[in-house]
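Asks: Next up, entry-v8.txt (compact mmCIF, C-alpha atoms and all ligand atoms).
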```
# COMPACT_ATOMS: atom_id res chain seq x y z
CA MET A 15 0.00 0.00 0.00
CA ILE A 16 2.69 2.44 1.09
CA TYR A 17 4.52 1.68 -2.17
CA LYS A 18 1.64 2.81 -4.38
CA THR A 19 0.64 5.83 -2.31
CA LEU A 20 4.05 7.17 -1.32
CA ILE A 21 7.08 5.49 -2.84
CA ARG A 22 5.87 4.98 -6.42
CA PRO A 23 4.71 8.58 -6.94
CA LEU A 24 8.13 9.76 -5.76
CA LEU A 25 10.06 7.30 -7.91
CA PHE A 26 7.90 8.07 -10.95
CA THR A 27 8.95 11.75 -10.76
CA LEU A 28 12.47 10.58 -11.54
CA GLU A 29 13.82 9.43 -14.90
CA ALA A 30 13.23 5.65 -15.00
CA GLU A 31 16.84 4.44 -15.03
CA THR A 32 17.78 6.86 -12.24
CA ALA A 33 14.80 5.69 -10.16
CA HIS A 34 15.92 2.09 -10.68
CA HIS A 35 19.46 2.72 -9.44
CA ILE A 36 18.37 4.90 -6.51
CA SER A 37 15.83 2.38 -5.22
CA LEU A 38 18.24 -0.53 -5.54
CA SER A 39 21.08 1.40 -3.88
CA LEU A 40 18.74 2.22 -0.99
CA LEU A 41 17.83 -1.45 -0.74
CA ASN A 42 21.54 -2.33 -0.58
CA ILE A 43 22.15 0.27 2.13
CA LEU A 44 19.20 -1.04 4.14
CA LYS A 45 20.50 -4.58 3.85
CA SER A 46 24.02 -3.69 5.00
CA SER A 47 22.96 -1.39 7.84
CA GLY A 48 21.12 -3.98 9.88
CA GLY A 49 17.94 -3.92 7.80
CA ARG A 50 18.23 -7.58 6.86
CA LYS A 51 15.75 -8.57 9.59
CA ILE A 52 13.30 -5.82 8.61
CA LEU A 53 13.36 -6.89 4.97
CA SER A 54 12.98 -10.50 5.92
CA SER A 55 10.03 -9.84 8.25
CA LEU A 56 8.32 -7.68 5.61
CA PHE A 57 8.74 -10.02 2.68
CA HIS A 58 9.31 -13.52 4.01
CA TYR A 59 6.50 -15.98 3.41
CA GLU A 60 7.24 -19.62 2.81
CA THR A 61 5.16 -22.75 3.16
CA PRO A 62 6.09 -26.25 1.96
CA SER A 63 3.18 -26.18 -0.50
CA LEU A 64 4.97 -23.49 -2.53
CA GLU A 65 8.04 -25.65 -3.13
CA VAL A 66 8.77 -26.54 -6.76
CA LYS A 67 11.28 -28.99 -8.19
CA ALA A 68 12.29 -28.23 -11.74
CA PHE A 69 15.26 -29.19 -13.95
CA GLY A 70 17.05 -30.78 -11.01
CA LEU A 71 16.78 -27.76 -8.69
CA THR A 72 14.57 -27.08 -5.69
CA PHE A 73 12.82 -23.70 -5.45
CA HIS A 74 11.24 -22.61 -2.12
CA ASN A 75 8.59 -20.86 -4.20
CA PRO A 76 7.93 -20.44 -7.94
CA VAL A 77 8.17 -16.62 -8.14
CA GLY A 78 11.45 -15.37 -9.62
CA LEU A 79 13.00 -12.07 -10.59
CA ALA A 80 13.42 -11.81 -14.37
CA ALA A 81 16.68 -10.88 -16.10
CA GLY A 82 17.59 -7.25 -16.61
CA PHE A 83 16.71 -6.01 -13.14
CA ASP A 84 20.15 -6.82 -11.72
CA LYS A 85 22.36 -7.10 -14.75
CA ASN A 86 25.67 -7.11 -12.86
CA ALA A 87 24.87 -8.93 -9.59
CA HIS A 88 25.29 -5.68 -7.66
CA TYR A 89 22.08 -6.15 -5.69
CA LEU A 90 21.74 -9.93 -5.63
CA GLU A 91 21.85 -10.40 -1.85
CA ALA A 92 19.42 -7.56 -1.17
CA LEU A 93 17.02 -8.82 -3.84
CA SER A 94 17.10 -12.32 -2.39
CA LEU A 95 15.63 -10.82 0.82
CA LEU A 96 12.49 -9.72 -1.05
CA GLY A 97 11.14 -13.27 -0.99
CA PHE A 98 11.86 -14.42 -4.53
CA GLY A 99 12.18 -18.17 -5.05
CA PHE A 100 15.02 -17.49 -7.49
CA VAL A 101 16.80 -14.58 -9.08
CA GLU A 102 18.19 -14.34 -12.60
CA ILE A 103 21.07 -11.95 -13.21
CA GLY A 104 22.22 -10.53 -16.56
CA THR A 105 22.09 -10.32 -19.42
CA ILE A 106 25.87 -10.57 -19.22
CA THR A 107 28.08 -10.42 -22.31
CA PHE A 108 31.71 -11.50 -22.66
CA HIS A 109 32.91 -7.96 -23.38
CA PRO A 110 31.90 -5.17 -20.99
CA GLN A 111 29.69 -2.69 -22.87
CA PRO A 112 27.90 0.60 -22.18
CA GLY A 113 24.62 -0.18 -23.97
CA ASN A 114 22.64 2.30 -26.04
CA PRO A 115 22.50 6.08 -25.40
CA LYS A 116 20.13 7.35 -22.68
CA PRO A 117 17.23 7.81 -22.17
CA ARG A 118 16.64 4.12 -22.83
CA ILE A 119 13.89 3.16 -20.35
CA LYS A 120 10.40 4.71 -20.28
CA ARG A 121 7.36 3.84 -18.19
CA ILE A 122 4.04 3.75 -20.03
CA PRO A 123 1.55 3.83 -17.12
CA ASP A 124 -1.56 3.93 -19.36
CA SER A 125 -0.63 0.51 -20.73
CA LYS A 126 0.99 -0.82 -17.52
CA ALA A 127 4.09 -1.29 -19.60
CA VAL A 128 7.74 -0.37 -19.86
CA TRP A 129 9.71 0.45 -23.02
CA ASN A 130 13.42 -0.32 -22.93
CA HIS A 131 16.24 0.11 -25.38
CA LEU A 132 19.12 -0.70 -23.03
CA GLY A 133 21.21 -2.91 -25.32
CA PHE A 134 22.89 -5.19 -22.75
CA ASN A 135 24.71 -2.53 -20.74
CA ASN A 136 26.84 -4.61 -18.36
CA ASP A 137 30.26 -5.00 -16.75
CA GLY A 138 31.23 -8.10 -18.75
CA ALA A 139 31.53 -11.74 -17.69
CA ALA A 140 34.91 -11.52 -15.91
CA ALA A 141 33.88 -8.60 -13.65
CA VAL A 142 30.54 -10.18 -12.76
CA ALA A 143 32.26 -13.51 -12.00
CA GLU A 144 34.59 -11.71 -9.56
CA ARG A 145 31.54 -10.29 -7.78
CA LEU A 146 29.74 -13.64 -7.72
CA LYS A 147 32.76 -15.35 -6.09
CA LYS A 148 31.97 -13.50 -2.87
CA ILE A 149 28.23 -14.21 -2.80
CA LYS A 150 26.46 -17.23 -1.36
CA LEU A 151 22.67 -17.32 -1.51
CA ASP A 152 20.13 -19.84 -0.30
CA ILE A 153 18.01 -19.54 -3.45
CA PRO A 154 18.91 -20.65 -6.98
CA VAL A 155 20.66 -18.05 -9.12
CA GLY A 156 20.20 -18.08 -12.87
CA ILE A 157 22.78 -16.48 -15.14
CA ASN A 158 21.48 -15.02 -18.38
CA ILE A 159 24.09 -14.59 -21.11
CA GLY A 160 23.95 -12.78 -24.44
CA LYS A 161 26.14 -11.81 -27.38
CA SER A 162 28.56 -8.88 -27.11
CA LYS A 163 27.61 -6.12 -29.54
CA ILE A 164 31.09 -6.00 -31.14
CA THR A 165 31.07 -9.74 -31.92
CA PRO A 166 29.81 -10.51 -35.43
CA ILE A 167 26.78 -12.79 -35.46
CA GLU A 168 28.74 -15.59 -37.17
CA ASN A 169 31.06 -15.74 -34.12
CA ALA A 170 28.19 -15.70 -31.62
CA SER A 171 28.76 -19.24 -30.33
CA GLU A 172 32.36 -18.51 -29.27
CA ASP A 173 31.24 -15.30 -27.57
CA TYR A 174 28.51 -17.05 -25.53
CA LEU A 175 30.93 -19.89 -24.80
CA SER A 176 33.55 -17.51 -23.37
CA SER A 177 30.97 -16.06 -20.97
CA PHE A 178 29.66 -19.51 -20.07
CA LYS A 179 33.15 -20.80 -19.16
CA ILE A 180 33.88 -17.82 -16.89
CA LEU A 181 30.50 -17.82 -15.18
CA TYR A 182 29.96 -21.59 -15.02
CA PRO A 183 30.86 -22.11 -11.32
CA TYR A 184 28.41 -19.45 -10.12
CA GLY A 185 25.11 -20.25 -11.83
CA ASP A 186 22.57 -22.84 -10.73
CA TYR A 187 21.08 -22.59 -14.21
CA PHE A 188 22.02 -20.69 -17.38
CA VAL A 189 19.86 -18.85 -19.86
CA ILE A 190 20.86 -18.41 -23.48
CA ASN A 191 19.25 -15.12 -24.41
CA VAL A 192 18.55 -15.04 -28.14
CA SER A 193 15.50 -12.81 -27.95
CA SER A 194 16.43 -9.30 -26.88
CA PRO A 195 15.34 -6.85 -29.57
CA ASN A 196 18.10 -4.40 -28.62
CA THR A 197 21.20 -6.13 -29.99
CA PRO A 198 21.25 -5.99 -33.79
CA GLY A 199 20.84 -9.46 -35.32
CA LEU A 200 20.47 -11.28 -31.99
CA ARG A 201 17.05 -12.72 -32.79
CA GLU A 202 18.57 -14.42 -35.87
CA LEU A 203 20.03 -16.86 -33.35
CA GLN A 204 16.53 -18.22 -32.77
CA LYS A 205 16.66 -19.78 -36.27
CA GLU A 206 17.03 -23.56 -36.22
CA GLU A 207 20.52 -23.88 -37.66
CA ASN A 208 22.00 -20.99 -35.66
CA LEU A 209 20.40 -22.09 -32.41
CA SER A 210 21.53 -25.65 -32.97
CA THR A 211 25.18 -24.58 -33.41
CA LEU A 212 24.97 -22.33 -30.36
CA LEU A 213 23.35 -24.86 -28.03
CA ASN A 214 25.57 -27.73 -29.17
CA THR A 215 28.64 -25.59 -28.42
CA ILE A 216 27.36 -24.72 -24.94
CA GLN A 217 26.22 -28.24 -24.11
CA LYS A 218 29.56 -29.75 -25.17
CA LYS A 219 31.39 -27.46 -22.74
CA ASN A 220 28.69 -28.06 -20.12
CA THR A 221 29.33 -31.82 -20.22
CA GLU A 222 33.10 -31.30 -20.10
CA LEU A 223 33.00 -28.88 -17.15
CA SER A 224 30.47 -30.90 -15.21
CA SER A 225 32.46 -34.12 -15.49
CA LYS A 226 35.54 -32.26 -14.19
CA ALA A 227 33.47 -30.96 -11.26
CA GLN A 228 31.93 -34.41 -10.83
CA ASN A 229 28.36 -33.23 -10.95
CA GLY A 230 25.67 -33.35 -13.59
CA PRO A 231 25.52 -30.76 -16.37
CA LYS A 232 23.95 -27.44 -15.42
CA PRO A 233 20.42 -26.76 -16.72
CA ILE A 234 20.50 -24.67 -19.88
CA LEU A 235 17.35 -22.72 -20.79
CA VAL A 236 16.61 -20.65 -23.89
CA LYS A 237 14.80 -17.33 -23.62
CA ILE A 238 12.50 -16.70 -26.56
CA SER A 239 10.68 -13.76 -28.06
CA PRO A 240 6.91 -13.24 -28.00
CA ASP A 241 7.13 -12.18 -31.65
CA LEU A 242 7.87 -15.67 -33.01
CA THR A 243 5.38 -17.50 -35.18
CA PHE A 244 4.25 -20.97 -34.07
CA GLN A 245 6.23 -22.42 -36.96
CA GLU A 246 9.38 -20.72 -35.67
CA ILE A 247 8.64 -22.05 -32.19
CA ASP A 248 8.37 -25.56 -33.64
CA SER A 249 11.90 -25.40 -34.97
CA ILE A 250 13.17 -24.08 -31.63
CA LEU A 251 11.51 -27.07 -29.94
CA THR A 252 13.34 -29.42 -32.30
CA VAL A 253 16.66 -27.90 -31.25
CA ILE A 254 15.71 -27.96 -27.55
CA ARG A 255 14.97 -31.66 -27.86
CA GLU A 256 18.08 -32.51 -29.86
CA THR A 257 20.45 -30.60 -27.60
CA LYS A 258 18.77 -31.72 -24.37
CA ALA A 259 18.30 -28.15 -23.17
CA ALA A 260 16.40 -28.07 -19.86
CA GLY A 261 13.73 -25.62 -20.85
CA ILE A 262 12.45 -22.33 -22.17
CA ILE A 263 11.72 -18.91 -20.74
CA ALA A 264 8.66 -17.48 -22.44
CA THR A 265 9.01 -14.62 -23.05
CA ASN A 266 11.25 -11.59 -23.54
CA THR A 267 9.92 -8.16 -24.59
CA THR A 268 8.00 -7.44 -27.81
CA LEU A 269 8.62 -5.20 -30.79
CA SER A 270 4.88 -5.04 -31.39
CA ARG A 271 3.21 -1.68 -30.72
CA THR A 272 -0.40 -2.79 -31.08
CA GLU A 273 -1.17 -2.56 -27.36
CA VAL A 274 0.63 0.66 -26.48
CA SER A 275 -0.14 4.29 -27.15
CA ALA A 276 1.36 5.84 -30.27
CA GLY A 277 4.53 7.90 -30.21
CA LEU A 278 7.05 5.29 -29.09
CA PRO A 279 10.16 4.68 -31.18
CA SER A 280 9.99 1.58 -33.38
CA GLU A 281 13.12 0.14 -31.80
CA GLY A 282 13.13 -1.11 -28.18
CA GLY A 283 11.13 -3.80 -26.39
CA ILE A 284 7.81 -3.50 -24.57
CA SER A 285 7.21 -5.44 -21.35
CA GLY A 286 4.31 -5.70 -18.92
CA LYS A 287 0.60 -5.98 -19.62
CA PRO A 288 0.83 -5.81 -23.46
CA ILE A 289 2.71 -9.15 -23.55
CA LYS A 290 0.75 -10.98 -20.85
CA ASN A 291 -1.61 -12.91 -23.12
CA ARG A 292 0.91 -13.63 -25.83
CA SER A 293 3.43 -15.15 -23.41
CA THR A 294 0.69 -17.34 -21.88
CA GLU A 295 -0.43 -18.39 -25.34
CA ILE A 296 3.13 -19.43 -26.19
CA ILE A 297 3.42 -21.43 -22.95
CA ARG A 298 0.18 -23.25 -23.79
CA TYR A 299 1.39 -23.98 -27.30
CA ILE A 300 4.75 -25.38 -26.14
CA VAL A 301 3.14 -27.56 -23.45
CA GLN A 302 0.80 -29.06 -25.99
CA LYS A 303 3.63 -29.64 -28.48
CA THR A 304 6.07 -31.17 -25.99
CA GLU A 305 3.63 -33.13 -23.83
CA LYS A 306 5.01 -31.31 -20.78
CA LYS A 307 8.52 -32.66 -21.35
CA THR A 308 10.12 -29.20 -21.54
CA HIS A 309 10.29 -27.06 -18.42
CA LEU A 310 8.85 -23.61 -18.86
CA ILE A 311 9.40 -20.39 -16.97
CA GLY A 312 6.44 -18.12 -17.65
CA CYS A 313 7.35 -14.45 -17.91
CA GLY A 314 5.42 -11.45 -19.19
CA GLY A 315 2.88 -9.14 -17.61
CA ILE A 316 2.54 -10.71 -14.17
CA PHE A 317 1.02 -8.12 -11.80
CA THR A 318 -1.25 -10.28 -9.63
CA SER A 319 -1.53 -13.80 -8.26
CA GLU A 320 -4.19 -14.46 -10.93
CA ASP A 321 -1.65 -13.60 -13.61
CA ALA A 322 0.84 -16.01 -12.05
CA VAL A 323 -1.78 -18.76 -11.71
CA GLU A 324 -2.73 -18.30 -15.36
CA LYS A 325 0.85 -18.99 -16.45
CA ILE A 326 1.19 -21.98 -14.09
CA LYS A 327 -2.14 -23.42 -15.22
CA ALA A 328 -0.98 -22.98 -18.81
CA GLY A 329 1.97 -25.23 -17.94
CA ALA A 330 4.79 -23.11 -16.52
CA SER A 331 6.70 -24.71 -13.63
CA LEU A 332 7.98 -21.33 -12.49
CA VAL A 333 7.22 -17.67 -13.20
CA GLN A 334 9.29 -14.51 -13.37
CA LEU A 335 8.45 -10.83 -13.29
CA TYR A 336 10.09 -7.47 -13.84
CA THR A 337 7.54 -4.79 -14.84
CA GLY A 338 5.13 -5.87 -12.10
CA LEU A 339 7.77 -5.00 -9.53
CA ILE A 340 8.02 -1.45 -10.88
CA TYR A 341 4.25 -0.83 -10.80
CA GLU A 342 3.26 -2.86 -7.72
CA GLY A 343 6.43 -2.64 -5.59
CA PRO A 344 8.25 -5.42 -3.73
CA GLY A 345 5.10 -6.49 -1.83
CA ILE A 346 3.96 -8.16 -5.06
CA VAL A 347 6.11 -11.23 -4.36
CA LYS A 348 4.58 -11.99 -0.96
CA ARG A 349 1.06 -11.25 -2.23
CA ILE A 350 1.47 -13.73 -5.09
CA LYS A 351 2.96 -16.38 -2.80
CA LYS A 352 0.17 -16.05 -0.24
CA GLU A 353 -2.51 -16.45 -2.88
CA LEU A 354 -0.68 -19.32 -4.57
CA SER A 355 -0.45 -21.20 -1.28
CA LYS A 356 -4.24 -20.94 -0.85
CA LYS A 357 -4.97 -22.33 -4.29
CA SER A 358 -4.23 -25.82 -5.34
CA ILE A 359 -2.67 -25.30 -8.72
CA SER A 360 -1.03 -27.70 -10.99
CA PRO A 361 -0.35 -27.27 -14.67
C1 LIG B 1 14.20 -2.40 -18.30
C2 LIG B 1 14.22 -3.84 -18.73
C3 LIG B 1 15.45 -4.47 -18.98
C4 LIG B 1 15.47 -5.80 -19.38
N1 LIG B 1 16.67 -6.41 -19.60
C5 LIG B 1 16.71 -7.73 -19.94
C6 LIG B 1 17.94 -8.40 -20.12
O1 LIG B 1 19.01 -7.84 -19.94
N2 LIG B 1 17.90 -9.70 -20.48
C7 LIG B 1 16.72 -10.39 -20.66
O2 LIG B 1 16.76 -11.59 -20.96
N3 LIG B 1 15.54 -9.78 -20.47
C8 LIG B 1 15.52 -8.47 -20.11
N4 LIG B 1 14.31 -7.86 -19.92
C9 LIG B 1 13.07 -8.63 -20.15
C10 LIG B 1 12.53 -9.23 -18.86
O3 LIG B 1 13.44 -10.12 -18.27
C11 LIG B 1 11.21 -9.96 -19.13
O4 LIG B 1 11.44 -11.04 -20.00
C12 LIG B 1 10.16 -9.05 -19.77
O5 LIG B 1 10.24 -7.75 -19.24
C13 LIG B 1 8.74 -9.60 -19.55
O6 LIG B 1 8.42 -9.67 -18.19
P1 LIG B 1 7.58 -8.51 -17.44
O7 LIG B 1 6.38 -8.21 -18.27
O8 LIG B 1 7.28 -9.09 -16.10
O9 LIG B 1 8.50 -7.34 -17.34
C14 LIG B 1 14.26 -6.52 -19.52
C15 LIG B 1 13.05 -5.89 -19.26
C16 LIG B 1 13.02 -4.57 -18.86
C17 LIG B 1 11.70 -3.90 -18.58
```
How does this structure look as structure tokens?
Replies:
Amino acid sequence: MIYKTLIRPLLFTLEAETAHHISLSLLNILKSSGGRKILSSLFHYETPSLEVKAFGLTFHNPVGLAAGFDKNAHYLEALSLLGFGFVEIGTITFHPQPGNPKPRIKRIPDSKAVWNHLGFNNDGAAAVAERLKKIKLDIPVGINIGKSKITPIENASEDYLSSFKILYPYGDYFVINVSSPNTPGLRELQKEENLSTLLNTIQKKNTELSSKAQNGPKPILVKISPDLTFQEIDSILTVIRETKAAGIIATNTTLSRTEVSAGLPSEGGISGKPIKNRSTEIIRYIVQKTEKKTHLIGCGGIFTSEDAVEKIKAGASLVQLYTGLIYEGPGIVKRIKKELSKKSISP
């Protein structure tokens, strides 16, 4: 309540990217200055009925933080205190890069949406790995990797592989992001032949590294776009099956402008309410095509427990959110968990 009446109006007076960094820095300060207990008492809510087992990992609850919120693992510990069942960091690229010129994030309150044209601004795999060395969390951490802007698309596999090797020890699962609309050519990697080369390269190294560490290979998921046709999804499913990838995150942001007010640039991705139905539709389609053999993380336009239930009922094992956190505040996680624990839901 206090978020919507007091904190959000203040944050929304600030430029969106500035508001993001200020609120997360304050969260970090609160965590380090003895506020750990306060955060925990405000946001903690766990019951055994919320536990989910998926792709070999155990999640205390199915509500995760989507990629992009903490690209560099600067706020990972503080974010874990907000009650998420898992947090995904990134997108991280092999080369550090500044991203596109600002302003590159805009709220669109009329559509309950966000426009972003960030372009994978991040510190690079080596710097993030150094940070991750010092962090130990009691929830699974996903690491989302993407292609560096300076790397030509034909060398994409080597670029992802370099990041994967550096970050391998620190991720409980990895996400191959081939769906951001803000890196030129990236979505080409969703095409069957390109995706097959990329995933085979990653899985080969995954097997090698896991046998050295004497554990099983790490789960590899692919994050897809809501703008794919069902035919394109079919060929992605073929590659997922052939390369034994653990699952799919559906979905990233959209290039479609049909559900937002006019006046936005044609580049940049839209998140939030405008992609809610499309991402659920894609989940449903994949479940029906794979007979529930592929794990799905449902992502796109989750603002309420009903939205989360809809994705789980459609067949998602887990859900993630980003835009909902901006509009509803951190209380959204506990609210969703409480409602989920009251309902008996199974896909
Ligand atoms: C500002 C912003 C930055 C994002 N950055 C990334 C990113 O770096 N990597 C990624 O895979 N997805 C990124 N996303 C997409 C989200 O992870 C998520 O897939 C999408 O926003 C849909 O979920 P939502 O409607 O709950 O926000 C970003 C989204 C936003 C709004």
Asks: Could you work out how far atom CA of A:Phe98 lies from atom CA of A:Ala80, giving the answer in Å with one decimal?
Replies: 10.3 Å
Asks: Using all atoms listed in the file, determine which residues lie at most 12 Å from A:Leu335, disregarding the query and same-chain residues fewer than 5 positions distant; provide the list as an MDAnalysis selection string.
Replies: chainID A and resid 76:83 98:102 263:267 285:287 289:290 311:319 321:322 325 340:344 346:347 350
Asks: Keeping only C-alpha atoms, write the selected residues as a PDB file, in the frame of the given file.
Replies:
```pdb
ATOM      1  CA  PRO A  76       7.930 -20.440  -7.940  1.00  0.00           C
ATOM      2  CA  VAL A  77       8.170 -16.620  -8.140  1.00  0.00           C
ATOM      3  CA  GLY A  78      11.450 -15.370  -9.620  1.00  0.00           C
ATOM      4  CA  LEU A  79      13.000 -12.070 -10.590  1.00  0.00           C
ATOM      5  CA  ALA A  80      13.420 -11.810 -14.370  1.00  0.00           C
ATOM      6  CA  ALA A  81      16.680 -10.880 -16.100  1.00  0.00           C
ATOM      7  CA  GLY A  82      17.590  -7.250 -16.610  1.00  0.00           C
ATOM      8  CA  PHE A  83      16.710  -6.010 -13.140  1.00  0.00           C
ATOM      9  CA  PHE A  98      11.860 -14.420  -4.530  1.00  0.00           C
ATOM     10  CA  GLY A  99      12.180 -18.170  -5.050  1.00  0.00           C
ATOM     11  CA  PHE A 100      15.020 -17.490  -7.490  1.00  0.00           C
ATOM     12  CA  VAL A 101      16.800 -14.580  -9.080  1.00  0.00           C
ATOM     13  CA  GLU A 102      18.190 -14.340 -12.600  1.00  0.00           C
ATOM     14  CA  ILE A 263      11.720 -18.910 -20.740  1.00  0.00           C
ATOM     15  CA  ALA A 264       8.660 -17.480 -22.440  1.00  0.00           C
ATOM     16  CA  THR A 265       9.010 -14.620 -23.050  1.00  0.00           C
ATOM     17  CA  ASN A 266      11.250 -11.590 -23.540  1.00  0.00           C
ATOM     18  CA  THR A 267       9.920  -8.160 -24.590  1.00  0.00           C
ATOM     19  CA  SER A 285       7.210  -5.440 -21.350  1.00  0.00           C
ATOM     20  CA  GLY A 286       4.310  -5.700 -18.920  1.00  0.00           C
ATOM     21  CA  LYS A 287       0.600  -5.980 -19.620  1.00  0.00           C
ATOM     22  CA  ILE A 289       2.710  -9.150 -23.550  1.00  0.00           C
ATOM     23  CA  LYS A 290       0.750 -10.980 -20.850  1.00  0.00           C
ATOM     24  CA  ILE A 311       9.400 -20.390 -16.970  1.00  0.00           C
ATOM     25  CA  GLY A 312       6.440 -18.120 -17.650  1.00  0.00           C
ATOM     26  CA  CYS A 313       7.350 -14.450 -17.910  1.00  0.00           C
ATOM     27  CA  GLY A 314       5.420 -11.450 -19.190  1.00  0.00           C
ATOM     28  CA  GLY A 315       2.880  -9.140 -17.610  1.00  0.00           C
ATOM     29  CA  ILE A 316       2.540 -10.710 -14.170  1.00  0.00           C
ATOM     30  CA  PHE A 317       1.020  -8.120 -11.800  1.00  0.00           C
ATOM     31  CA  THR A 318      -1.250 -10.280  -9.630  1.00  0.00           C
ATOM     32  CA  SER A 319      -1.530 -13.800  -8.260  1.00  0.00           C
ATOM     33  CA  ASP A 321      -1.650 -13.600 -13.610  1.00  0.00           C
ATOM     34  CA  ALA A 322       0.840 -16.010 -12.050  1.00  0.00           C
ATOM     35  CA  LYS A 325       0.850 -18.990 -16.450  1.00  0.00           C
ATOM     36  CA  ILE A 340       8.020  -1.450 -10.880  1.00  0.00           C
ATOM     37  CA  TYR A 341       4.250  -0.830 -10.800  1.00  0.00           C
ATOM     38  CA  GLU A 342       3.260  -2.860  -7.720  1.00  0.00           C
ATOM     39  CA  GLY A 343       6.430  -2.640  -5.590  1.00  0.00           C
ATOM     40  CA  PRO A 344       8.250  -5.420  -3.730  1.00  0.00           C
ATOM     41  CA  ILE A 346       3.960  -8.160  -5.060  1.00  0.00           C
ATOM     42  CA  VAL A 347       6.110 -11.230  -4.360  1.00  0.00           C
ATOM     43  CA  ILE A 350       1.470 -13.730  -5.090  1.00  0.00           C
TER      44      ILE A 350
END
```
Asks: Between A:Lys67, A:Lys348, A:His34, A:Arg298, which is the closest to ligand LIG 1 (chain B) once you count only C-alpha atoms and all ligand atoms?
Replies: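 Closest residue, counting only C-alpha atoms and all ligand atoms: A:His34.
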Asks: How would you write as number ranges by chain the residues that get within 8 Å of (20.8, -30.2, -31.7) in the file's frame, counting only C-alpha atoms?
Replies: A: 210-211, 213-214, 252-258
Asks: Have a look at A:Thr197, A:Ser224, A:Ser177, A:Thr165 and name the one nearest to ligand LIG 1 (chain B); count only C-alpha atoms and all ligand atoms.
Replies: A:Thr197
Asks: Choose the residue, out of A:Tyr174, A:Phe134, A:Phe244, A:Tyr187, that has the smallest atom-to-atom separation from ligand LIG 1 (chain B); count all atoms listed in the file.
Replies: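 Among A:Tyr174, A:Phe134, A:Phe244, A:Tyr187, it is A:Phe134 that comes nearest to ligand LIG 1 (chain B).
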Asks: For A:Arg50, which of A:Leu93, A:Ile190, A:Ala33, A:Val128 is the closest residue, counting all atoms listed in the file?
Replies: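 Between A:Leu93, A:Ile190, A:Ala33, A:Val128, the residue approaching A:Arg50 most closely is A:Leu93.
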Asks: With a cut-off of 10 Å, could you pull out the residues of stretch 274-311 of chain A touching stretch 231-238 of chain A and give me the nearest pair of atoms for each, distance in Å to one decimal, using all atoms listed in the file, ordered by chain and ascending number, as JSON lines?
Replies:
```
{"residue": "A:Ser293", "atom": "CA", "partner": "A:Ile238", "partner_atom": "CA", "distance": 9.7}
{"residue": "A:Ile296", "atom": "CA", "partner": "A:Ile238", "partner_atom": "CA", "distance": 9.8}
{"residue": "A:Thr308", "atom": "CA", "partner": "A:Leu235", "partner_atom": "CA", "distance": 9.7}
{"residue": "A:His309", "atom": "CA", "partner": "A:Leu235", "partner_atom": "CA", "distance": 8.6}
{"residue": "A:Leu310", "atom": "CA", "partner": "A:Leu235", "partner_atom": "CA", "distance": 8.8}
{"residue": "A:Ile311", "atom": "CA", "partner": "A:Lys237", "partner_atom": "CA", "distance": 9.1}
```
Asks: For A:Ala87, which residue out of A:Leu28, A:Ile157, A:Leu209, A:Val323 is the nearest one, using all atoms listed in the file?
Replies: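 Of A:Leu28, A:Ile157, A:Leu209, A:Val323, the one nearest A:Ala87 is A:Ile157, counting all atoms listed in the file.
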Asks: Name the closest residue to A:Tyr17 among the candidates A:Ser125, A:Ile103, A:Phe178, A:Ser37; distances are taken between atoms, counting all atoms listed in the file.
Replies: A:Ser37
Asks: Have a look at atom CA of A:Asn291 and atom C5 of ligand LIG 1 (chain B) and let me know their distance in Å, one decimal.
Replies: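 Here the two named atoms are 19.3 Å from each other.
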